[in-house]
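Next up, data02.pdb (PDB, C-alpha atoms):
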```pdb
MODEL        1
ATOM      1  CA  MET A 659       0.000   0.000   0.000
ATOM      2  CA  LYS A 660       1.703   3.190  -1.211
ATOM      3  CA  ALA A 661       1.207   6.277   0.941
ATOM      4  CA  LEU A 662       1.817  10.023   0.628
ATOM      5  CA  PHE A 663       2.391  12.125   3.743
ATOM      6  CA  ILE A 664       1.477  15.829   4.047
ATOM      7  CA  GLY A 665       2.471  17.992   7.019
ATOM      8  CA  CYS A 666       4.656  20.796   8.388
ATOM      9  CA  VAL A 667       4.455  20.896  12.205
ATOM     10  CA  GLU A 668       5.906  19.064  15.206
ATOM     11  CA  SER A 669       3.141  16.443  15.278
ATOM     12  CA  SER A 670       3.591  15.865  11.528
ATOM     13  CA  ALA A 671       7.197  14.833  12.118
ATOM     14  CA  ALA A 672       6.164  12.470  14.922
ATOM     15  CA  PHE A 673       3.462  10.858  12.770
ATOM     16  CA  LEU A 674       5.746  10.484   9.756
ATOM     17  CA  LYS A 675       8.393   8.792  11.918
ATOM     18  CA  THR A 676       5.707   6.523  13.392
ATOM     19  CA  LEU A 677       4.605   5.372   9.930
ATOM     20  CA  ILE A 678       8.216   4.749   8.914
ATOM     21  CA  GLU A 679       8.714   2.688  12.085
ATOM     22  CA  ALA A 680       5.605   0.704  11.116
ATOM     23  CA  GLU A 681       7.313  -0.019   7.769
ATOM     24  CA  ALA A 682       4.689   1.900   5.810
ATOM     25  CA  ASP A 683       5.532   2.344   2.142
ATOM     26  CA  ILE A 684       5.829   6.142   2.121
ATOM     27  CA  VAL A 685       6.438   7.067  -1.521
ATOM     28  CA  GLY A 686       6.307  10.839  -1.103
ATOM     29  CA  VAL A 687       6.258  13.709   1.389
ATOM     30  CA  ILE A 688       4.752  17.152   0.897
ATOM     31  CA  THR A 689       5.875  19.847   3.327
ATOM     32  CA  LYS A 690       6.770  23.556   3.588
ATOM     33  CA  GLN A 691      10.174  25.201   3.493
ATOM     34  CA  GLU A 692       9.058  27.886   5.937
ATOM     35  CA  SER A 693       5.933  29.023   7.750
ATOM     36  CA  LYS A 694       5.101  32.237   9.601
ATOM     37  CA  PHE A 695       1.750  30.767  10.562
ATOM     38  CA  ASN A 696       2.739  27.668  12.588
ATOM     39  CA  SER A 697       4.511  28.269  15.928
ATOM     40  CA  ASP A 698       5.641  24.611  15.940
ATOM     41  CA  PHE A 699       6.695  24.516  12.270
ATOM     42  CA  VAL A 700       8.872  21.603  11.136
ATOM     43  CA  ASP A 701      10.344  21.091   7.666
ATOM     44  CA  LEU A 702       9.894  17.363   6.956
ATOM     45  CA  SER A 703      12.506  17.244   4.193
ATOM     46  CA  ASP A 704      15.237  16.024   6.558
ATOM     47  CA  ILE A 705      13.181  12.978   7.529
ATOM     48  CA  ALA A 706      12.421  12.344   3.867
ATOM     49  CA  LYS A 707      16.101  12.580   2.898
ATOM     50  CA  GLN A 708      17.178  10.243   5.707
ATOM     51  CA  ASN A 709      14.734   7.622   4.435
ATOM     52  CA  ASN A 710      15.228   8.168   0.683
ATOM     53  CA  ILE A 711      11.683   9.445   0.206
ATOM     54  CA  PRO A 712      10.922  11.971  -2.564
ATOM     55  CA  TYR A 713       9.594  15.243  -1.183
ATOM     56  CA  LEU A 714       7.997  18.416  -2.477
ATOM     57  CA  TYR A 715       7.841  21.940  -1.023
ATOM     58  CA  VAL A 716       4.538  23.699  -1.644
ATOM     59  CA  LYS A 717       2.792  26.840  -0.434
ATOM     60  CA  ASN A 718      -0.622  25.912  -1.820
ATOM     61  CA  ILE A 719      -1.484  22.232  -1.570
ATOM     62  CA  ASN A 720      -4.177  22.551  -4.261
ATOM     63  CA  ASN A 721      -1.935  23.467  -7.204
ATOM     64  CA  ASN A 722      -0.720  21.794 -10.392
ATOM     65  CA  GLN A 723       2.702  21.082  -8.911
ATOM     66  CA  THR A 724       1.062  18.934  -6.231
ATOM     67  CA  TYR A 725      -1.091  17.110  -8.784
ATOM     68  CA  GLU A 726       1.931  16.313 -10.973
ATOM     69  CA  PHE A 727       3.930  15.032  -7.982
ATOM     70  CA  ILE A 728       1.099  12.695  -6.962
ATOM     71  CA  ARG A 729       0.636  11.391 -10.504
ATOM     72  CA  GLU A 730       4.338  10.488 -10.617
ATOM     73  CA  ILE A 731       4.352   8.446  -7.401
ATOM     74  CA  HIS A 732       0.813   6.905  -7.568
ATOM     75  CA  PRO A 733      -0.061   6.757  -3.833
ATOM     76  CA  GLU A 734      -3.139   4.751  -2.835
ATOM     77  CA  VAL A 735      -3.703   6.461   0.525
ATOM     78  CA  GLY A 736      -2.755   9.834   1.952
ATOM     79  CA  PHE A 737      -2.011  11.142   5.428
ATOM     80  CA  CYS A 738      -2.534  14.857   6.004
ATOM     81  CA  MET A 739      -1.533  15.745   9.563
ATOM     82  CA  GLY A 740      -0.571  19.263  10.543
ATOM     83  CA  TRP A 741      -1.589  21.276   7.485
ATOM     84  CA  SER A 742      -3.705  24.433   7.695
ATOM     85  CA  GLN A 743      -5.194  24.442   4.183
ATOM     86  CA  LEU A 744      -8.322  22.540   3.197
ATOM     87  CA  ILE A 745      -7.791  19.955   0.475
ATOM     88  CA  LYS A 746     -10.096  20.302  -2.519
ATOM     89  CA  LYS A 747     -12.130  17.490  -4.083
ATOM     90  CA  GLU A 748      -9.875  17.190  -7.131
ATOM     91  CA  LEU A 749      -6.959  16.300  -4.886
ATOM     92  CA  LEU A 750      -9.000  14.078  -2.561
ATOM     93  CA  ASP A 751     -10.180  12.046  -5.553
ATOM     94  CA  MET A 752      -6.592  11.186  -6.502
ATOM     95  CA  PHE A 753      -6.370   8.714  -3.586
ATOM     96  CA  PRO A 754      -8.307   5.438  -4.013
ATOM     97  CA  GLN A 755      -8.282   4.820  -0.232
ATOM     98  CA  GLY A 756      -8.786   8.480   0.680
ATOM     99  CA  ILE A 757      -6.699  10.847   2.803
ATOM    100  CA  ILE A 758      -6.556  10.366   6.572
ATOM    101  CA  GLY A 759      -6.473  13.359   8.902
ATOM    102  CA  PHE A 760      -5.965  13.824  12.635
ATOM    103  CA  HIS A 761      -7.672  16.034  15.224
ATOM    104  CA  PRO A 762      -6.997  16.013  19.009
ATOM    105  CA  THR A 763     -10.613  16.079  20.181
ATOM    106  CA  ALA A 764     -13.514  13.649  20.466
ATOM    107  CA  LEU A 765     -14.927  14.314  16.998
ATOM    108  CA  PRO A 766     -17.565  15.302  16.032
ATOM    109  CA  GLN A 767     -17.320  17.448  19.177
ATOM    110  CA  ASN A 768     -14.893  20.360  19.208
ATOM    111  CA  ARG A 769     -13.961  20.617  15.571
ATOM    112  CA  GLY A 770     -12.033  23.670  14.477
ATOM    113  CA  ARG A 771      -9.073  25.718  15.592
ATOM    114  CA  HIS A 772      -6.687  25.525  18.584
ATOM    115  CA  PRO A 773      -8.161  22.318  20.067
ATOM    116  CA  LEU A 774      -5.626  21.765  22.860
ATOM    117  CA  ILE A 775      -5.739  25.425  23.901
ATOM    118  CA  TRP A 776      -9.531  25.501  24.017
ATOM    119  CA  ALA A 777      -9.731  22.214  25.941
ATOM    120  CA  LEU A 778      -7.462  23.561  28.682
ATOM    121  CA  ALA A 779      -8.841  27.117  28.690
ATOM    122  CA  LEU A 780     -12.381  25.789  29.097
ATOM    123  CA  GLY A 781     -11.344  23.475  31.913
ATOM    124  CA  LEU A 782     -12.408  20.248  30.206
ATOM    125  CA  ASN A 783     -11.497  17.020  31.974
ATOM    126  CA  GLU A 784     -11.196  14.945  28.806
ATOM    127  CA  THR A 785     -10.275  15.182  25.146
ATOM    128  CA  ALA A 786      -9.414  12.549  22.541
ATOM    129  CA  SER A 787      -7.172  11.530  19.668
ATOM    130  CA  SER A 788      -9.215  11.094  16.483
ATOM    131  CA  PHE A 789      -8.294   9.919  12.979
ATOM    132  CA  PHE A 790     -10.794  10.478  10.183
ATOM    133  CA  ILE A 791     -11.219  10.392   6.416
ATOM    134  CA  LEU A 792     -10.846  13.887   4.981
ATOM    135  CA  ASP A 793     -13.619  15.526   2.996
ATOM    136  CA  GLU A 794     -13.924  19.064   1.646
ATOM    137  CA  THR A 795     -14.744  20.722   4.983
ATOM    138  CA  ALA A 796     -12.714  20.936   8.185
ATOM    139  CA  ASP A 797     -12.788  18.008  10.624
ATOM    140  CA  THR A 798     -16.095  16.624   9.317
ATOM    141  CA  GLY A 799     -15.126  13.298   7.734
ATOM    142  CA  LYS A 800     -15.930   9.815   9.004
ATOM    143  CA  VAL A 801     -14.008   8.985  12.190
ATOM    144  CA  ILE A 802     -12.105   5.689  11.884
ATOM    145  CA  SER A 803     -10.130   5.642  15.151
ATOM    146  CA  GLN A 804     -10.642   7.441  18.448
ATOM    147  CA  GLU A 805      -8.994   7.183  21.858
ATOM    148  CA  ARG A 806     -10.100   9.186  24.901
ATOM    149  CA  VAL A 807      -7.413  11.153  26.765
ATOM    150  CA  PRO A 808      -7.979  12.439  30.329
ATOM    151  CA  ILE A 809      -7.013  16.016  31.220
ATOM    152  CA  LEU A 810      -5.666  16.455  34.740
ATOM    153  CA  TYR A 811      -5.676  19.682  36.756
ATOM    154  CA  GLU A 812      -1.863  19.716  36.574
ATOM    155  CA  ASP A 813      -1.736  19.396  32.770
ATOM    156  CA  ASN A 814      -0.567  22.255  30.594
ATOM    157  CA  ALA A 815      -0.211  22.647  26.826
ATOM    158  CA  ARG A 816       2.981  20.584  26.648
ATOM    159  CA  THR A 817       1.919  17.719  28.902
ATOM    160  CA  LEU A 818      -1.475  17.424  27.224
ATOM    161  CA  TYR A 819       0.166  17.456  23.798
ATOM    162  CA  ASP A 820       2.496  14.658  24.908
ATOM    163  CA  LYS A 821      -0.394  12.560  26.241
ATOM    164  CA  VAL A 822      -2.445  12.975  23.075
ATOM    165  CA  MET A 823       0.519  12.157  20.855
ATOM    166  CA  ALA A 824       1.408   9.058  22.889
ATOM    167  CA  ALA A 825      -2.098   7.721  22.303
ATOM    168  CA  ALA A 826      -2.145   8.818  18.666
ATOM    169  CA  LYS A 827       1.106   7.097  17.715
ATOM    170  CA  VAL A 828      -0.204   3.765  19.023
ATOM    171  CA  GLN A 829      -3.452   4.302  17.110
ATOM    172  CA  LEU A 830      -1.624   5.177  13.903
ATOM    173  CA  LYS A 831       0.393   1.960  13.884
ATOM    174  CA  GLU A 832      -2.795  -0.049  14.407
ATOM    175  CA  LEU A 833      -4.545   2.008  11.750
ATOM    176  CA  TRP A 834      -1.815   1.352   9.207
ATOM    177  CA  SER A 835      -2.172  -2.374   9.829
ATOM    178  CA  ASP A 836      -5.941  -2.111   9.287
ATOM    179  CA  ILE A 837      -5.448  -0.115   6.083
ATOM    180  CA  CYS A 838      -3.159  -2.784   4.676
ATOM    181  CA  LYS A 839      -5.776  -5.420   5.548
ATOM    182  CA  ASN A 840      -8.572  -3.298   4.033
ATOM    183  CA  ASN A 841     -10.235  -3.385   7.432
ATOM    184  CA  ILE A 842     -11.140   0.266   8.099
ATOM    185  CA  GLN A 843     -14.291   0.733  10.188
ATOM    186  CA  THR A 844     -16.325   3.927  10.626
ATOM    187  CA  ILE A 845     -16.705   4.810  14.310
ATOM    188  CA  VAL A 846     -18.488   8.144  13.950
ATOM    189  CA  ASP A 847     -20.308   9.081  10.757
ATOM    190  CA  LYS A 848     -19.926  12.598   9.395
ATOM    191  CA  GLU A 849     -23.666  13.235   9.669
ATOM    192  CA  GLN A 850     -23.464  13.318  13.469
ATOM    193  CA  LYS A 851     -23.690  16.861  14.783
ATOM    194  CA  GLY A 852     -20.954  18.580  16.752
ATOM    195  CA  ASN A 853     -19.664  22.024  17.669
ATOM    196  CA  THR A 854     -16.798  23.984  16.100
ATOM    197  CA  TRP A 855     -14.264  26.043  18.019
ATOM    198  CA  ARG A 856     -13.352  29.394  16.476
ATOM    199  CA  LYS A 857      -9.916  30.813  15.778
ATOM    200  CA  ARG A 858      -8.366  32.511  18.793
ATOM    201  CA  GLY A 859      -6.795  35.981  18.702
ATOM    202  CA  ARG A 860      -4.408  37.932  20.918
ATOM    203  CA  ASP A 861      -7.241  39.287  23.071
ATOM    204  CA  ASP A 862      -8.282  35.727  23.937
ATOM    205  CA  GLY A 863      -4.945  35.368  25.736
ATOM    206  CA  ARG A 864      -5.244  38.559  27.791
ATOM    207  CA  ILE A 865      -5.634  37.995  31.532
ATOM    208  CA  ASP A 866      -8.606  39.865  33.003
ATOM    209  CA  TRP A 867      -8.083  39.845  36.768
ATOM    210  CA  ARG A 868     -11.834  40.052  37.329
ATOM    211  CA  MET A 869     -11.986  36.461  36.103
ATOM    212  CA  SER A 870     -12.066  33.650  38.659
ATOM    213  CA  GLY A 871      -8.754  32.227  39.794
ATOM    214  CA  ARG A 872      -9.593  28.920  38.117
ATOM    215  CA  ASN A 873     -10.309  30.592  34.787
ATOM    216  CA  ILE A 874      -7.025  32.521  34.938
ATOM    217  CA  TYR A 875      -5.141  29.347  35.874
ATOM    218  CA  ASN A 876      -6.744  27.501  32.950
ATOM    219  CA  LEU A 877      -5.868  30.296  30.530
ATOM    220  CA  ILE A 878      -2.222  30.345  31.643
ATOM    221  CA  ARG A 879      -1.728  26.584  31.335
ATOM    222  CA  ALA A 880      -3.553  26.539  27.989
ATOM    223  CA  LEU A 881      -1.154  29.075  26.472
ATOM    224  CA  SER A 882       2.070  27.819  28.026
ATOM    225  CA  GLU A 883       4.924  26.577  25.834
ATOM    226  CA  PRO A 884       4.994  25.980  22.916
ATOM    227  CA  TYR A 885       2.241  28.606  22.561
ATOM    228  CA  ALA A 886       2.455  32.389  22.937
ATOM    229  CA  GLY A 887       1.692  32.688  26.653
ATOM    230  CA  ALA A 888      -1.180  34.372  28.502
ATOM    231  CA  HIS A 889      -0.380  38.061  28.947
ATOM    232  CA  PHE A 890      -1.132  41.267  30.832
ATOM    233  CA  GLU A 891       0.265  44.807  30.964
ATOM    234  CA  TYR A 892       1.778  46.473  34.012
ATOM    235  CA  ASN A 893       3.795  49.718  34.372
ATOM    236  CA  GLY A 894       4.722  49.938  30.725
ATOM    237  CA  TYR A 895       5.631  46.271  30.286
ATOM    238  CA  ASP A 896       3.870  43.381  28.625
ATOM    239  CA  TYR A 897       4.154  40.242  30.745
ATOM    240  CA  LYS A 898       3.889  36.675  29.454
ATOM    241  CA  VAL A 899       2.901  34.147  32.110
ATOM    242  CA  TRP A 900       3.935  30.502  31.715
ATOM    243  CA  GLU A 901       3.089  28.980  35.090
ATOM    244  CA  ALA A 902       0.791  29.884  37.990
ATOM    245  CA  LYS A 903      -0.834  28.438  41.086
ATOM    246  CA  GLU A 904      -4.252  28.996  42.638
ATOM    247  CA  LEU A 905      -4.239  30.101  46.292
ATOM    248  CA  GLU A 906      -6.922  30.315  48.940
ATOM    249  CA  ASP A 907      -8.001  33.831  49.901
ATOM    250  CA  ALA A 908      -8.606  34.211  53.627
ATOM    251  CA  LEU A 909      -7.294  37.766  54.133
ATOM    252  CA  TYR A 910      -8.069  39.833  51.035
ATOM    253  CA  LYS A 911     -11.809  39.634  50.497
ATOM    254  CA  ASN A 912     -12.069  43.443  50.346
ATOM    255  CA  ILE A 913      -9.210  43.925  47.836
ATOM    256  CA  GLU A 914     -10.106  44.708  44.224
ATOM    257  CA  PRO A 915      -9.039  42.322  41.420
ATOM    258  CA  GLY A 916      -5.680  43.014  39.782
ATOM    259  CA  LYS A 917      -3.847  44.318  42.842
ATOM    260  CA  ILE A 918      -0.561  42.727  43.911
ATOM    261  CA  VAL A 919      -1.013  41.641  47.533
ATOM    262  CA  GLU A 920       2.389  40.029  48.050
ATOM    263  CA  VAL A 921       5.828  39.797  46.400
ATOM    264  CA  ARG A 922       7.595  36.711  47.679
ATOM    265  CA  GLU A 923      11.347  36.213  48.108
ATOM    266  CA  ASP A 924      11.471  34.037  44.982
ATOM    267  CA  ARG A 925      10.027  36.990  43.008
ATOM    268  CA  HIS A 926       6.662  35.327  42.660
ATOM    269  CA  PHE A 927       3.756  37.793  42.561
ATOM    270  CA  VAL A 928       0.515  37.028  44.392
ATOM    271  CA  VAL A 929      -2.383  38.806  42.701
ATOM    272  CA  LYS A 930      -6.029  39.263  43.666
ATOM    273  CA  THR A 931      -8.473  37.692  41.217
ATOM    274  CA  GLY A 932     -12.239  37.921  40.931
ATOM    275  CA  ASP A 933     -12.755  35.315  43.628
ATOM    276  CA  GLY A 934      -9.396  34.598  45.221
ATOM    277  CA  LEU A 935      -5.651  34.768  44.689
ATOM    278  CA  ILE A 936      -3.223  33.479  42.104
ATOM    279  CA  GLU A 937       0.554  33.152  42.371
ATOM    280  CA  LEU A 938       2.521  33.966  39.222
ATOM    281  CA  ILE A 939       5.386  31.487  39.329
ATOM    282  CA  ARG A 940       7.098  31.824  35.962
ATOM    283  CA  PHE A 941       6.833  34.824  33.652
ATOM    284  CA  ASP A 942       8.853  37.255  31.560
ATOM    285  CA  ARG A 943       8.320  40.758  30.296
ATOM    286  CA  GLN A 944       8.921  43.044  27.334
ATOM    287  CA  PHE A 945       8.445  46.762  26.911
ATOM    288  CA  THR A 946       5.119  48.083  25.662
ATOM    289  CA  PRO A 947       4.166  51.763  25.327
ATOM    290  CA  HIS A 948       1.007  51.323  27.401
ATOM    291  CA  ALA A 949       1.462  51.891  31.128
ATOM    292  CA  GLY A 950      -1.002  50.680  33.753
ATOM    293  CA  ILE A 951      -1.656  51.188  37.428
ATOM    294  CA  TYR A 952      -2.970  47.751  38.234
ATOM    295  CA  LEU A 953      -2.074  44.380  36.749
TER
ENDMDL
END
```

As structure tokens, please, write out the structure in this file.
Amino acid sequence: MKALFIGCVESSAAFLKTLIEAEADIVGVITKQESKFNSDFVDLSDIAKQNNIPYLYVKNINNNQTYEFIREIHPEVGFCMGWSQLIKKELLDMFPQGIIGFHPTALPQNRGRHPLIWALALGLNETASSFFILDETADTGKVISQERVPILYEDNARTLYDKVMAAAKVQLKELWSDICKNNIQTIVDKEQKGNTWRKRGRDDGRIDWRMSGRNIYNLIRALSEPYAGAHFEYNGYDYKVWEAKELEDALYKNIEPGKIVEVREDRHFVVKTGDGLIELIRFDRQFTPHAGIYL
């Protein structure tokens, strides 16, 4: 079974290596030479070169260059994992066994953008690793493999990513075996309804100290590395917060949100929130022209 792999982010590299380990017949790789869009961008050409796999750099996946490359290598199945553009029907139809995509939620729930960030920011206690057959719209194809992944209070963006990927790599090896045996089963049909998460912007990462301590904690862990960091402005500086801790509030019930109530010896700030306190454990700052009085 000949396969083509499409991707350009950290998870793409992990999935491509997983398929190679499973002795999949990868006859081509499509990737990007650079990306200003993906914070975890990875050029897959090095992996392709190390394994003597032809590769192609593209900016637009739905162009003639892509079609010509696919016609030359004749793949039967595709894997598109970590690619921001939708694939059009003309390209989808070039694969007899279809193109398989990946989404780290329990599809059909939580389709759309920034799935790990939203799951943590919303305080969910579970997500999933889902593989599905691509169609012309985002994250709506038939689900063919799904594994639930618990989210713990202590999880952040990196630990949740690692847990999802650990489950996904096991699934992918099993899925490749099923593909070779022509034994793919639909778990969730595309007609089942679900919600779609929207694209997040900079303002979605701004800490509003009137929020509850739990909501601020969730926002900070959701945007920790490798993402951009939750942020706030104070005295002319823009602060990025990477780690925080909720604290009980027994002494500061009459203090307004956003006020620093303690600076500890380890340079941790304790700040009043809408319903309690939060300790800022790890953060950095950069200059911004806007000065504030409160956090």

Polymer residues at most 8 Å from Gly781 (chain A), only C-alpha atoms, same-chain spacing of 4 or more positions, as number ranges by chain
A: 777, 873, 876

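The closest residue to Ser788 (chain A), picked from A:Ala826, A:Ile688, A:Leu938, A:Val716 and counting all atoms listed in the file, is A:Ala826.
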
Evaluate the PyMOL selection byres ((chain A and resi 823) around 9) against this structure - the residues, as a compact mmCIF listing (two decimals) with C-alpha atoms, in the coordinates of the input, please.
```txt
# COMPACT_ATOMS: atom_id res chain seq x y z
CA SER A 669 3.14 16.44 15.28
CA ALA A 672 6.16 12.47 14.92
CA PHE A 673 3.46 10.86 12.77
CA PRO A 762 -7.00 16.01 19.01
CA SER A 787 -7.17 11.53 19.67
CA LEU A 818 -1.48 17.42 27.22
CA TYR A 819 0.17 17.46 23.80
CA ASP A 820 2.50 14.66 24.91
CA LYS A 821 -0.39 12.56 26.24
CA VAL A 822 -2.44 12.98 23.08
CA ALA A 824 1.41 9.06 22.89
CA ALA A 825 -2.10 7.72 22.30
CA ALA A 826 -2.14 8.82 18.67
CA LYS A 827 1.11 7.10 17.72
CA VAL A 828 -0.20 3.76 19.02
```

Determine, using all atoms listed in the file, which residues of region 665-770 of chain A have any atom at most 9 Å from an atom of region 848-869 of chain A, and tabulate each with its shortest atom pair and distance in Å to one decimal place, rows ordered by chain and then rising number, as CSV.
```
residue,atom,partner,partner_atom,distance
A:Leu765,CA,A:Gly852,CA,7.4
A:Pro766,CA,A:Gly852,CA,4.8
A:Gln767,CA,A:Gly852,CA,4.5
A:Asn768,CA,A:Thr854,CA,5.1
A:Arg769,CA,A:Thr854,CA,4.4
A:Gly770,CA,A:Trp855,CA,4.8
```

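Counting all atoms listed in the file, the residue from A:Val685, A:Leu909, A:Met739, A:Val899 that sits nearest to Arg943 (chain A) is A:Val899.
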
Selection result for the PyMOL selection byres ((chain A and resi 751) around 12) on this file, as an MDAnalysis selection string
chainID A and resid 725 728:729 733:736 745:750 752:757 792:794

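Relative to CA of Leu677 (chain A), CA of Leu744 (chain A) is found at 22.5 Å.
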
Measure the distance from CA of Glu923 (chain A) to CA of Tyr885 (chain A) in Å and round it to one decimal.
28.2 Å

Check which residues satisfy the PyMOL selection byres ((chain A and resi 683) around 9) in the file shown, then give them as a PDB file with C-alpha atoms, in the frame of the given file.
```pdb
ATOM      1  CA  MET A 659       0.000   0.000   0.000  1.00  0.00           C
ATOM      2  CA  LYS A 660       1.703   3.190  -1.211  1.00  0.00           C
ATOM      3  CA  ALA A 661       1.207   6.277   0.941  1.00  0.00           C
ATOM      4  CA  LEU A 662       1.817  10.023   0.628  1.00  0.00           C
ATOM      5  CA  LEU A 677       4.605   5.372   9.930  1.00  0.00           C
ATOM      6  CA  ILE A 678       8.216   4.749   8.914  1.00  0.00           C
ATOM      7  CA  GLU A 681       7.313  -0.019   7.769  1.00  0.00           C
ATOM      8  CA  ALA A 682       4.689   1.900   5.810  1.00  0.00           C
ATOM      9  CA  ILE A 684       5.829   6.142   2.121  1.00  0.00           C
ATOM     10  CA  VAL A 685       6.438   7.067  -1.521  1.00  0.00           C
TER      11      VAL A 685
END
```

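A straight line drawn from CA of Glu726 (chain A) to CA of Gly665 (chain A) is 18.1 Å long.
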
For Ile664 (chain A), which of A:Leu774, A:Val919, A:Val700, A:Ala680 is the closest residue, counting only C-alpha atoms?
A:Val700

Just need the box for region 797-815 of chain A, edges along x, y and z, holding every atom the file lists for it with 4 Å tacked onto each side, so centre and edge lengths in Å to one decimal, as JSON.
```
{"center_x": -8.2, "center_y": 14.1, "center_z": 22.2, "size_x": 23.9, "size_y": 25.0, "size_z": 37.0}
```

Using only C-alpha atoms, give me every residue within 8 Å of (-9.3, 17.5, 32.8) in file coordinates, as an mmCIF file with C-alpha atoms, in the coordinates of the input.
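Output below, filename result-v7.cif:
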```
data_model
loop_
_atom_site.group_PDB
_atom_site.id
_atom_site.type_symbol
_atom_site.label_atom_id
_atom_site.label_comp_id
_atom_site.auth_asym_id
_atom_site.auth_seq_id
_atom_site.Cartn_x
_atom_site.Cartn_y
_atom_site.Cartn_z
ATOM 1 C CA LEU A 778 -7.462 23.561 28.682
ATOM 2 C CA GLY A 781 -11.344 23.475 31.913
ATOM 3 C CA LEU A 782 -12.408 20.248 30.206
ATOM 4 C CA ASN A 783 -11.497 17.020 31.974
ATOM 5 C CA GLU A 784 -11.196 14.945 28.806
ATOM 6 C CA PRO A 808 -7.979 12.439 30.329
ATOM 7 C CA ILE A 809 -7.013 16.016 31.220
ATOM 8 C CA LEU A 810 -5.666 16.455 34.740
ATOM 9 C CA TYR A 811 -5.676 19.682 36.756
ATOM 10 C CA ASP A 813 -1.736 19.396 32.770
#
```

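When all atoms listed in the file are used to compute distances to Phe699 (chain A), the closest of the residues A:Pro884, A:Gly894, A:Gly871, A:Pro773 turns out to be A:Pro884.
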
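Distance annotation: of A:Lys917, A:Cys666, A:Phe727, A:Leu935, the residue with the minimal separation from Ser703 (chain A) is A:Cys666; atom set is all atoms listed in the file.
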
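Using all atoms listed in the file, the shortest contact distance between Ser697 (chain A) and any of A:His761, A:Lys839, A:His772, A:Arg879 is found at A:His772.
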